[in-house]
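Okay, query-v7.csv is below, CSV, C-alpha atoms and all ligand atoms:
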chain,number,residue,atom,x,y,z
W,1,MET,CA,88.8,118.5,92.9
W,2,THR,CA,90.4,115.1,93.2
W,3,ILE,CA,94.0,114.7,94.6
W,4,ILE,CA,95.8,111.4,93.7
W,5,LEU,CA,99.2,110.1,94.6
W,6,ALA,CA,100.5,107.7,92.0
W,7,ILE,CA,103.4,105.4,91.5
W,8,GLU,CA,104.9,104.1,88.2
W,9,THR,CA,107.5,101.4,88.2
W,10,SER,CA,106.5,99.3,85.1
W,11,CYS,CA,109.9,99.4,83.4
W,12,ASP,CA,113.1,101.4,84.0
W,13,GLU,CA,111.8,104.6,85.6
W,14,THR,CA,110.8,104.9,89.3
W,15,ALA,CA,108.2,107.7,89.4
W,16,VAL,CA,105.9,109.3,91.9
W,17,ALA,CA,103.5,112.1,91.3
W,18,ILE,CA,100.7,114.0,93.1
W,19,VAL,CA,98.1,115.5,90.8
W,20,ASN,CA,95.0,117.6,91.5
W,21,ASN,CA,92.8,117.1,88.5
W,22,ASN,CA,94.8,118.5,85.6
W,23,GLN,CA,97.3,120.3,87.9
W,24,VAL,CA,100.6,118.4,88.6
W,25,LEU,CA,101.5,119.3,92.2
W,26,SER,CA,104.8,117.2,92.1
W,27,SER,CA,106.3,114.7,89.7
W,28,VAL,CA,109.5,112.9,90.5
W,29,VAL,CA,111.1,110.6,87.9
W,30,SER,CA,114.3,108.6,88.7
W,31,SER,CA,115.6,107.0,85.6
W,32,GLN,CA,117.7,103.8,85.7
W,33,ILE,CA,118.9,104.2,82.1
W,34,TYR,CA,122.5,104.7,83.2
W,35,LEU,CA,122.4,101.1,84.7
W,36,HIS,CA,120.8,99.3,81.8
W,37,ARG,CA,122.8,101.2,79.2
W,38,LEU,CA,125.8,98.9,80.1
W,39,TYR,CA,123.8,95.9,78.8
W,40,GLY,CA,122.2,97.6,75.7
W,41,GLY,CA,118.6,97.2,77.1
W,42,VAL,CA,116.5,96.8,80.3
W,43,VAL,CA,117.6,93.9,82.6
W,44,PRO,CA,114.4,93.0,84.4
W,45,GLU,CA,116.0,91.7,87.7
W,46,MET,CA,118.1,94.8,88.0
W,47,ALA,CA,115.1,97.0,87.3
W,48,SER,CA,113.2,95.5,90.2
W,49,ARG,CA,116.1,95.9,92.6
W,50,GLN,CA,116.7,99.5,91.6
W,51,HIS,CA,113.0,100.4,92.1
W,52,LEU,CA,113.2,98.9,95.6
W,53,GLU,CA,116.3,101.0,96.3
W,54,THR,CA,114.7,104.2,95.0
W,55,ILE,CA,111.0,104.1,95.7
W,56,ASN,CA,111.1,105.6,99.2
W,57,PHE,CA,113.3,108.5,98.2
W,58,CYS,CA,111.0,109.3,95.3
W,59,LEU,CA,107.9,109.1,97.6
W,60,GLU,CA,109.6,111.4,100.1
W,61,LYS,CA,110.6,113.9,97.5
W,62,ALA,CA,107.2,114.1,95.8
W,63,TRP,CA,105.5,114.4,99.1
W,64,GLN,CA,107.7,117.1,100.5
W,65,GLU,CA,107.3,119.2,97.3
W,66,THR,CA,103.5,119.5,97.8
W,67,GLY,CA,103.3,120.4,101.5
W,68,LEU,CA,99.9,118.5,101.6
W,69,THR,CA,98.6,116.5,104.6
W,70,TRP,CA,97.3,112.9,104.2
W,71,SER,CA,93.8,114.0,104.9
W,72,GLU,CA,93.9,116.0,101.6
W,73,ILE,CA,94.8,112.9,99.5
W,74,ASP,CA,91.7,111.2,97.9
W,75,GLY,CA,93.3,108.0,96.5
W,76,ILE,CA,96.5,106.1,95.9
W,77,ALA,CA,97.2,104.7,92.4
W,78,ALA,CA,99.9,102.5,90.9
W,79,THR,CA,100.6,101.0,87.5
W,80,VAL,CA,99.7,97.3,87.7
W,81,ALA,CA,99.9,96.3,84.0
W,82,PRO,CA,101.4,95.8,81.5
W,83,GLY,CA,105.1,95.7,82.3
W,84,LEU,CA,107.9,93.8,84.1
W,85,VAL,CA,106.2,91.8,86.8
W,86,GLY,CA,108.9,92.3,89.5
W,87,ALA,CA,109.1,96.0,88.7
W,88,LEU,CA,105.3,96.4,88.8
W,89,MET,CA,105.2,94.6,92.2
W,90,VAL,CA,107.4,97.2,93.8
W,91,GLY,CA,105.2,100.2,92.9
W,92,MET,CA,102.0,98.3,93.5
W,93,THR,CA,103.0,97.1,97.0
W,94,ALA,CA,104.2,100.6,98.0
W,95,ALA,CA,100.8,102.0,96.8
W,96,LYS,CA,98.7,99.4,98.6
W,97,THR,CA,100.7,99.9,101.8
W,98,LEU,CA,100.1,103.6,101.8
W,99,ALA,CA,96.4,103.0,101.0
W,100,ILE,CA,96.1,100.7,104.0
W,101,ILE,CA,98.0,102.9,106.4
W,102,HIS,CA,96.1,106.1,105.5
W,103,ASP,CA,92.8,104.4,104.8
W,104,LYS,CA,92.5,105.5,101.1
W,105,PRO,CA,91.0,103.8,98.1
W,106,PHE,CA,93.6,102.0,95.9
W,107,ILE,CA,93.3,102.4,92.1
W,108,GLY,CA,95.3,100.1,89.8
W,109,ILE,CA,96.1,101.7,86.5
W,110,HIS,CA,96.9,100.3,83.0
W,111,HIS,CA,100.2,101.8,81.8
W,112,LEU,CA,98.9,102.6,78.3
W,113,GLU,CA,95.9,104.3,79.7
W,114,GLY,CA,98.4,106.5,81.6
W,115,HIS,CA,100.1,107.4,78.3
W,116,ILE,CA,96.7,108.4,76.8
W,117,TYR,CA,96.0,110.5,79.9
W,118,ALA,CA,99.3,112.4,79.5
W,119,SER,CA,97.5,114.3,76.7
W,120,TYR,CA,94.8,115.4,79.1
W,121,LEU,CA,97.5,117.0,81.4
W,122,ALA,CA,98.8,118.9,78.4
W,123,GLU,CA,95.4,119.9,76.8
W,124,SER,CA,92.7,120.4,79.4
W,125,ASP,CA,90.1,120.9,76.6
W,126,LEU,CA,90.7,117.3,75.2
W,127,LYS,CA,87.6,115.1,75.4
W,128,PRO,CA,86.7,111.7,74.0
W,129,PRO,CA,86.1,110.6,71.3
W,130,PHE,CA,89.6,110.9,69.8
W,131,LEU,CA,92.3,108.8,68.3
W,132,SER,CA,95.4,108.0,70.4
W,133,LEU,CA,98.7,107.0,68.7
W,134,LEU,CA,100.8,105.4,71.4
W,135,VAL,CA,104.4,104.8,70.4
W,136,SER,CA,106.8,103.7,73.1
W,137,GLY,CA,109.5,101.1,73.7
W,138,GLY,CA,107.0,98.3,74.1
W,139,HIS,CA,103.9,99.5,72.1
W,140,THR,CA,102.8,100.9,68.8
W,141,SER,CA,99.0,101.2,69.1
W,142,LEU,CA,96.2,103.2,67.5
W,143,ILE,CA,93.4,103.4,70.0
W,144,HIS,CA,89.9,104.8,69.6
W,145,VAL,CA,89.4,106.5,73.0
W,146,GLN,CA,85.6,106.4,73.6
W,147,ALA,CA,85.4,107.2,77.3
W,148,CYS,CA,87.4,106.6,80.5
W,149,GLY,CA,87.9,102.9,80.6
W,150,LYS,CA,86.5,102.3,77.1
W,151,TYR,CA,89.1,101.8,74.5
W,152,GLN,CA,89.1,100.0,71.1
W,153,GLN,CA,92.5,99.1,69.6
W,154,LEU,CA,92.4,99.7,65.9
W,155,GLY,CA,96.0,99.1,65.1
W,156,THR,CA,99.1,97.5,66.6
W,157,THR,CA,102.5,96.3,65.6
W,158,ARG,CA,103.1,92.8,64.2
W,159,ASP,CA,106.7,92.6,65.5
W,160,ASP,CA,108.9,95.3,67.0
W,161,ALA,CA,107.4,98.4,68.7
W,162,ALA,CA,108.4,101.8,67.2
W,163,GLY,CA,110.8,102.6,70.1
W,164,GLU,CA,112.2,99.1,70.0
W,165,ALA,CA,113.0,99.6,66.3
W,166,PHE,CA,114.8,102.9,67.1
W,167,ASP,CA,116.8,101.1,69.9
W,168,LYS,CA,117.8,98.2,67.6
W,169,VAL,CA,118.8,100.4,64.7
W,170,ALA,CA,120.9,102.5,67.1
W,171,ARG,CA,122.7,99.4,68.1
W,172,LEU,CA,123.4,98.6,64.4
W,173,LEU,CA,124.8,102.1,64.0
W,174,ASN,CA,127.0,101.6,67.2
W,175,LEU,CA,125.0,104.3,69.1
W,176,SER,CA,124.1,103.9,72.7
W,177,TYR,CA,120.8,103.0,74.5
W,178,PRO,CA,118.1,104.3,74.3
W,179,GLY,CA,118.5,104.8,70.6
W,180,GLY,CA,115.5,107.1,69.9
W,181,PRO,CA,116.8,110.4,71.2
W,182,ILE,CA,120.3,109.8,69.8
W,183,ILE,CA,119.0,108.9,66.3
W,184,ASP,CA,116.7,112.0,66.5
W,185,ARG,CA,119.8,114.2,67.2
W,186,ILE,CA,122.2,112.6,64.7
W,187,ALA,CA,119.5,112.6,61.9
W,188,LYS,CA,119.5,116.4,62.0
W,189,ASP,CA,122.8,116.3,60.1
W,190,GLY,CA,121.6,113.6,57.6
W,191,ASN,CA,119.6,113.5,54.4
W,192,PRO,CA,116.3,111.6,54.9
W,193,GLN,CA,116.2,110.8,51.2
W,194,ALA,CA,119.7,109.4,51.1
W,195,PHE,CA,118.6,105.7,51.2
W,196,PRO,CA,115.1,104.6,50.2
W,197,LEU,CA,113.9,102.0,52.8
W,198,PRO,CA,110.8,99.8,52.9
W,199,GLU,CA,107.9,101.1,55.1
W,200,GLY,CA,106.7,97.6,56.0
W,201,LYS,CA,103.2,96.5,55.1
W,202,ILE,CA,101.1,93.7,56.5
W,203,SER,CA,99.4,91.6,53.8
W,204,LEU,CA,95.8,90.6,54.4
W,205,PRO,CA,94.9,86.9,53.6
W,206,THR,CA,92.1,88.4,51.4
W,207,GLY,CA,94.6,90.5,49.4
W,208,GLY,CA,95.7,94.1,49.9
W,209,PHE,CA,97.3,95.4,53.1
W,210,HIS,CA,96.3,96.0,56.7
W,211,ALA,CA,95.6,99.7,56.9
W,212,TYR,CA,96.5,100.4,60.6
W,213,ASP,CA,99.0,97.7,61.7
W,214,SER,CA,102.7,98.4,61.6
W,215,SER,CA,105.7,96.1,61.1
W,216,PHE,CA,109.2,97.3,61.6
W,217,SER,CA,111.3,94.1,61.4
W,218,GLY,CA,111.7,94.3,57.6
W,219,LEU,CA,112.9,97.9,57.9
W,220,LYS,CA,115.4,96.9,60.6
W,221,THR,CA,116.7,94.1,58.3
W,222,ALA,CA,117.0,96.6,55.4
W,223,VAL,CA,119.1,98.9,57.7
W,224,LEU,CA,121.3,95.9,58.6
W,225,ARG,CA,121.8,95.1,54.9
W,226,LEU,CA,122.6,98.7,54.2
W,227,VAL,CA,125.1,98.9,57.1
W,228,GLU,CA,126.9,95.7,55.8
W,229,LYS,CA,127.6,97.5,52.5
W,230,PHE,CA,129.9,100.0,54.2
W,231,GLU,CA,133.3,99.7,55.9
W,232,PRO,CA,132.7,100.4,59.6
W,233,ASP,CA,134.9,103.5,59.4
W,234,ASN,CA,133.0,104.9,56.5
W,235,LEU,CA,129.5,104.3,57.7
W,236,PRO,CA,127.2,107.3,56.8
W,237,VAL,CA,125.6,107.2,60.2
W,238,ALA,CA,123.7,110.6,59.9
W,239,ASP,CA,122.2,109.7,56.5
W,240,ILE,CA,121.1,106.2,57.6
W,241,ALA,CA,119.7,107.6,60.8
W,242,ALA,CA,117.8,110.3,58.9
W,243,SER,CA,116.5,107.8,56.3
W,244,PHE,CA,115.4,105.3,58.9
W,245,GLN,CA,113.7,107.9,61.1
W,246,ASP,CA,111.9,109.5,58.1
W,247,THR,CA,110.6,106.0,57.0
W,248,VAL,CA,109.2,105.3,60.5
W,249,ALA,CA,107.6,108.8,60.7
W,250,ARG,CA,106.0,108.5,57.3
W,251,SER,CA,104.7,105.0,58.0
W,252,LEU,CA,103.2,106.0,61.4
W,253,THR,CA,101.7,109.2,60.0
W,254,ARG,CA,100.0,107.5,57.0
W,255,ARG,CA,98.4,104.9,59.3
W,256,THR,CA,97.3,107.4,61.9
W,257,ILE,CA,95.8,109.8,59.4
W,258,ASN,CA,94.0,107.1,57.5
W,259,CYS,CA,92.6,105.6,60.7
W,260,ALA,CA,91.3,109.0,61.9
W,261,LEU,CA,89.7,109.7,58.6
W,262,ASP,CA,88.1,106.3,58.3
W,263,TYR,CA,86.6,106.5,61.8
W,264,GLY,CA,85.6,110.1,61.5
W,265,LEU,CA,87.8,111.2,64.4
W,266,LYS,CA,88.8,114.9,64.2
W,267,THR,CA,91.3,114.8,67.0
W,268,ILE,CA,94.5,112.9,67.4
W,269,ALA,CA,96.6,112.7,70.6
W,270,ILE,CA,100.0,111.2,70.6
W,271,GLY,CA,101.9,109.6,73.5
W,272,GLY,CA,104.8,107.4,74.5
W,273,GLY,CA,108.6,108.0,74.2
W,274,VAL,CA,108.6,108.1,70.4
W,275,ALA,CA,106.1,110.9,70.5
W,276,ALA,CA,109.1,113.1,71.2
W,277,ASN,CA,110.6,112.3,67.8
W,278,SER,CA,111.0,115.5,65.7
W,279,ALA,CA,110.4,113.8,62.3
W,280,LEU,CA,107.2,112.2,63.5
W,281,ARG,CA,105.9,115.5,64.9
W,282,ASN,CA,106.7,117.3,61.7
W,283,HIS,CA,105.1,114.7,59.4
W,284,LEU,CA,102.0,114.3,61.6
W,285,GLU,CA,101.5,118.1,62.0
W,286,THR,CA,101.7,118.7,58.2
W,287,ALA,CA,99.4,115.8,57.4
W,288,ALA,CA,96.9,116.7,60.1
W,289,LYS,CA,96.8,120.3,58.8
W,290,ASN,CA,96.2,119.1,55.2
W,291,HIS,CA,93.3,117.0,56.4
W,292,HIS,CA,91.8,119.6,58.8
W,293,LEU,CA,92.5,117.4,61.8
W,294,THR,CA,93.8,118.6,65.2
W,295,VAL,CA,96.8,116.8,66.7
W,296,TYR,CA,98.1,117.2,70.3
W,297,PHE,CA,101.6,116.5,71.3
W,298,PRO,CA,102.3,116.4,75.0
W,299,PRO,CA,105.6,118.0,76.2
W,300,LEU,CA,108.6,115.6,76.2
W,301,LYS,CA,108.6,114.9,80.0
W,302,LEU,CA,104.9,113.7,79.7
W,303,CYS,CA,105.7,111.5,76.6
W,304,THR,CA,108.3,109.3,78.4
W,305,ASP,CA,107.3,107.3,81.5
W,306,ASN,CA,106.1,109.3,84.5
W,307,ALA,CA,103.7,109.0,87.3
W,308,ALA,CA,101.7,112.2,86.6
W,309,MET,CA,100.0,110.5,83.7
W,310,ILE,CA,99.1,107.6,86.0
W,311,ALA,CA,97.7,109.9,88.6
W,312,ARG,CA,95.7,111.8,86.0
W,313,ALA,CA,94.1,108.5,84.7
W,314,ALA,CA,93.3,107.6,88.4
W,315,VAL,CA,91.6,111.0,88.9
W,316,ASP,CA,88.9,110.0,86.3
W,317,HIS,CA,88.6,106.5,87.6
W,318,TYR,CA,88.2,107.9,91.2
W,319,ASP,CA,85.5,110.4,90.1
W,320,LEU,CA,83.6,107.5,88.4
W,321,GLY,CA,83.9,105.3,91.5
W,322,HIS,CA,86.2,102.8,89.9
W,323,PHE,CA,88.3,101.3,92.7
W,324,SER,CA,90.6,98.3,92.8
W,325,ASP,CA,90.5,95.4,95.3
W,326,LEU,CA,93.5,95.1,97.6
W,327,SER,CA,93.8,91.6,96.3
W,328,LEU,CA,94.5,92.8,92.8
W,329,GLY,CA,97.8,91.4,91.3
W,330,VAL,CA,100.1,92.7,88.6
W,331,ARG,CA,100.0,91.5,85.0
W,332,SER,CA,102.8,91.5,82.4
W,333,ARG,CA,100.1,91.7,79.7
W,334,LEU,CA,96.6,93.1,79.7
W,335,PRO,CA,94.8,94.4,76.6
W,336,LEU,CA,93.6,98.0,77.1
W,337,SER,CA,90.1,96.9,76.1
W,338,GLU,CA,90.0,94.8,79.3
W,339,VAL,CA,91.1,97.6,81.6
W,340,MET,CA,87.8,97.6,83.6
W,341,GLN,CA,88.8,94.2,85.0
W,342,LEU,CA,91.0,96.1,87.3
W,343,TYR,CA,87.9,97.5,89.0
W,344,ASN,CA,85.8,94.3,88.8
W,345,ILE,CA,83.5,96.0,86.3
W,346,SER,CA,82.5,94.3,83.0
W,347,LEU,CA,81.5,96.7,80.2
M,1,LIG,O1,107.3,105.6,76.8
M,1,LIG,P1,108.7,105.2,77.1
M,1,LIG,O2,109.5,106.2,77.9
M,1,LIG,O3,108.8,103.8,77.8
M,1,LIG,C1,108.1,102.7,77.4
M,1,LIG,O4,106.9,102.7,78.0
M,1,LIG,O5,108.5,102.0,76.6
M,1,LIG,O6,109.5,105.0,75.6
M,1,LIG,C2,110.8,104.7,75.5
M,1,LIG,C3,111.2,104.6,74.1
M,1,LIG,C4,112.6,104.1,73.8
M,1,LIG,O7,112.5,103.0,72.9
M,1,LIG,C5,113.3,105.3,73.2
M,1,LIG,O8,114.3,105.0,72.3
M,1,LIG,C6,112.1,106.0,72.5
M,1,LIG,O9,111.0,105.9,73.4
M,1,LIG,N1,112.4,107.5,72.3
M,1,LIG,C7,112.4,108.1,71.1
M,1,LIG,C8,112.7,109.4,71.3
M,1,LIG,N2,112.8,109.6,72.7
M,1,LIG,C9,112.6,108.4,73.3
M,1,LIG,N3,112.3,107.5,69.9
M,1,LIG,C10,112.5,108.4,68.8
M,1,LIG,N4,112.8,109.7,69.0
M,1,LIG,C11,112.9,110.3,70.2
M,1,LIG,N5,113.2,111.6,70.3
M,2,ZN,ZN,105.6,103.8,78.8

Please re-express this file's structure in structure tokens.
Ligand code: KG4
Ligand code: ZN
Amino acid sequence: MTIILAIETSCDETAVAIVNNNQVLSSVVSSQIYLHRLYGGVVPEMASRQHLETINFCLEKAWQETGLTWSEIDGIAATVAPGLVGALMVGMTAAKTLAIIHDKPFIGIHHLEGHIYASYLAESDLKPPFLSLLVSGGHTSLIHVQACGKYQQLGTTRDDAAGEAFDKVARLLNLSYPGGPIIDRIAKDGNPQAFPLPEGKISLPTGGFHAYDSSFSGLKTAVLRLVEKFEPDNLPVADIAASFQDTVARSLTRRTINCALDYGLKTIAIGGGVAANSALRNHLETAAKNHHLTVYFPPLKLCTDNAAMIARAAVDHYDLGHFSDLSLGVRSRLPLSEVMQLYNISL
């Protein structure tokens, strides 16, 4: 039994959670989306200030919900990379302060490792090795999860991340931010076959195409060209949204299934905000069934940013004796394959 208090402030959600192994004792998420929506995307300086305003309330609320005493807490964790530097600083500083005051170990967590661990909270039977498809606002990654702290990135995006593509296409269609959930909703009234769109392939210098990397910028441009063909008042928003969404879903599904089969991985776990997408879930589920693979989808509130997933990753690091130095800094970028640096361990 390991009880961890964790803080997540890498982007536009201030989140605090307390987790006992796979059991979420409390999880508070305060979203700043209403603030950034005015600007059509996340404004880093405003994000940091808002985290500062909100963090103490979130801590207080998460703490009160559990009724625990400090002696019952084993460790304090915070997301330290990757993300907006100013935003990460707020959560990390709060976590280090609590660790010092209450004399607990501090555990810095990689945000993407948190997204992978969201699946563990949803499926307690899940065990490495498996293939993780991480699709969020900033990442599109296929990761071979070998063990806690041991990750091999097999695929990534060459340009826009999947969520970013949804957000940009939503803007082209005059829909608000974040675009993913709105496109998902509007697409239900559209025909996914209305407009054939390019899936986006990465050519290899040796000929052929990269099997696991994605590219969404060509698709985004194709949507722009399509939008330009219509008068603004007659834009078939639902059909374009459905065609775009279906193209993204097919492209991600094809790459994920090929990757799992090539690497002999029988289990796929999906995470990140775009994992909530209904077309992606449908396509992946059908394809996985056809290939006798198991695919896990965490519930929506564990797909988008939260601190429970950060705490769950910290439980495994704590149990393995992976602790961070109090001199650890935040990083805007850090490859997942280098995550053990956060604990001064080289693999
Ligand atoms: O994981 P997340 O909450 O934050 C990051 O770490 O980026 O992901 C946010 C992204 C946004 O781009 C949002 O548009 C997208 O996830 N998203 C969706 C859906 N719900 C959220 N994209 C497609 N379909 C959805 N249902
Ligand atoms: Zn995220």

Quiz item: What do you get as JSON, numbers by chain if you pick all residues at most 9 Å from ligand ZN 2 (chain M), counting all atoms listed in the file?
Solution: {"W": [10, 11, 83, 111, 112, 114, 115, 134, 135, 136, 137, 138, 139, 271, 272, 273, 303, 304, 305, 306]}

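Counting all atoms listed in the file and comparing W:Lys266, W:Arg171, W:Arg158, W:Arg250, the residue that lies closest to Phe216 in chain W is W:Arg158.
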
Quiz item: Contacts of range 232-244 of chain W at 9 Å or less, counting only C-alpha atoms, minus same-chain residues fewer than 6 places along, as number ranges by chain?
Solution: W: 166, 169-170, 173, 183-184, 186-197, 219-220, 223, 226, 279

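Pairwise distance (CA of Leu280 in chain W, atom O2 of ligand LIG 1 (chain M)) equals 15.8 Å.
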
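Across the model, the gap from CA of Gly86 in chain W to CA of Glu53 in chain W is 13.3 Å.
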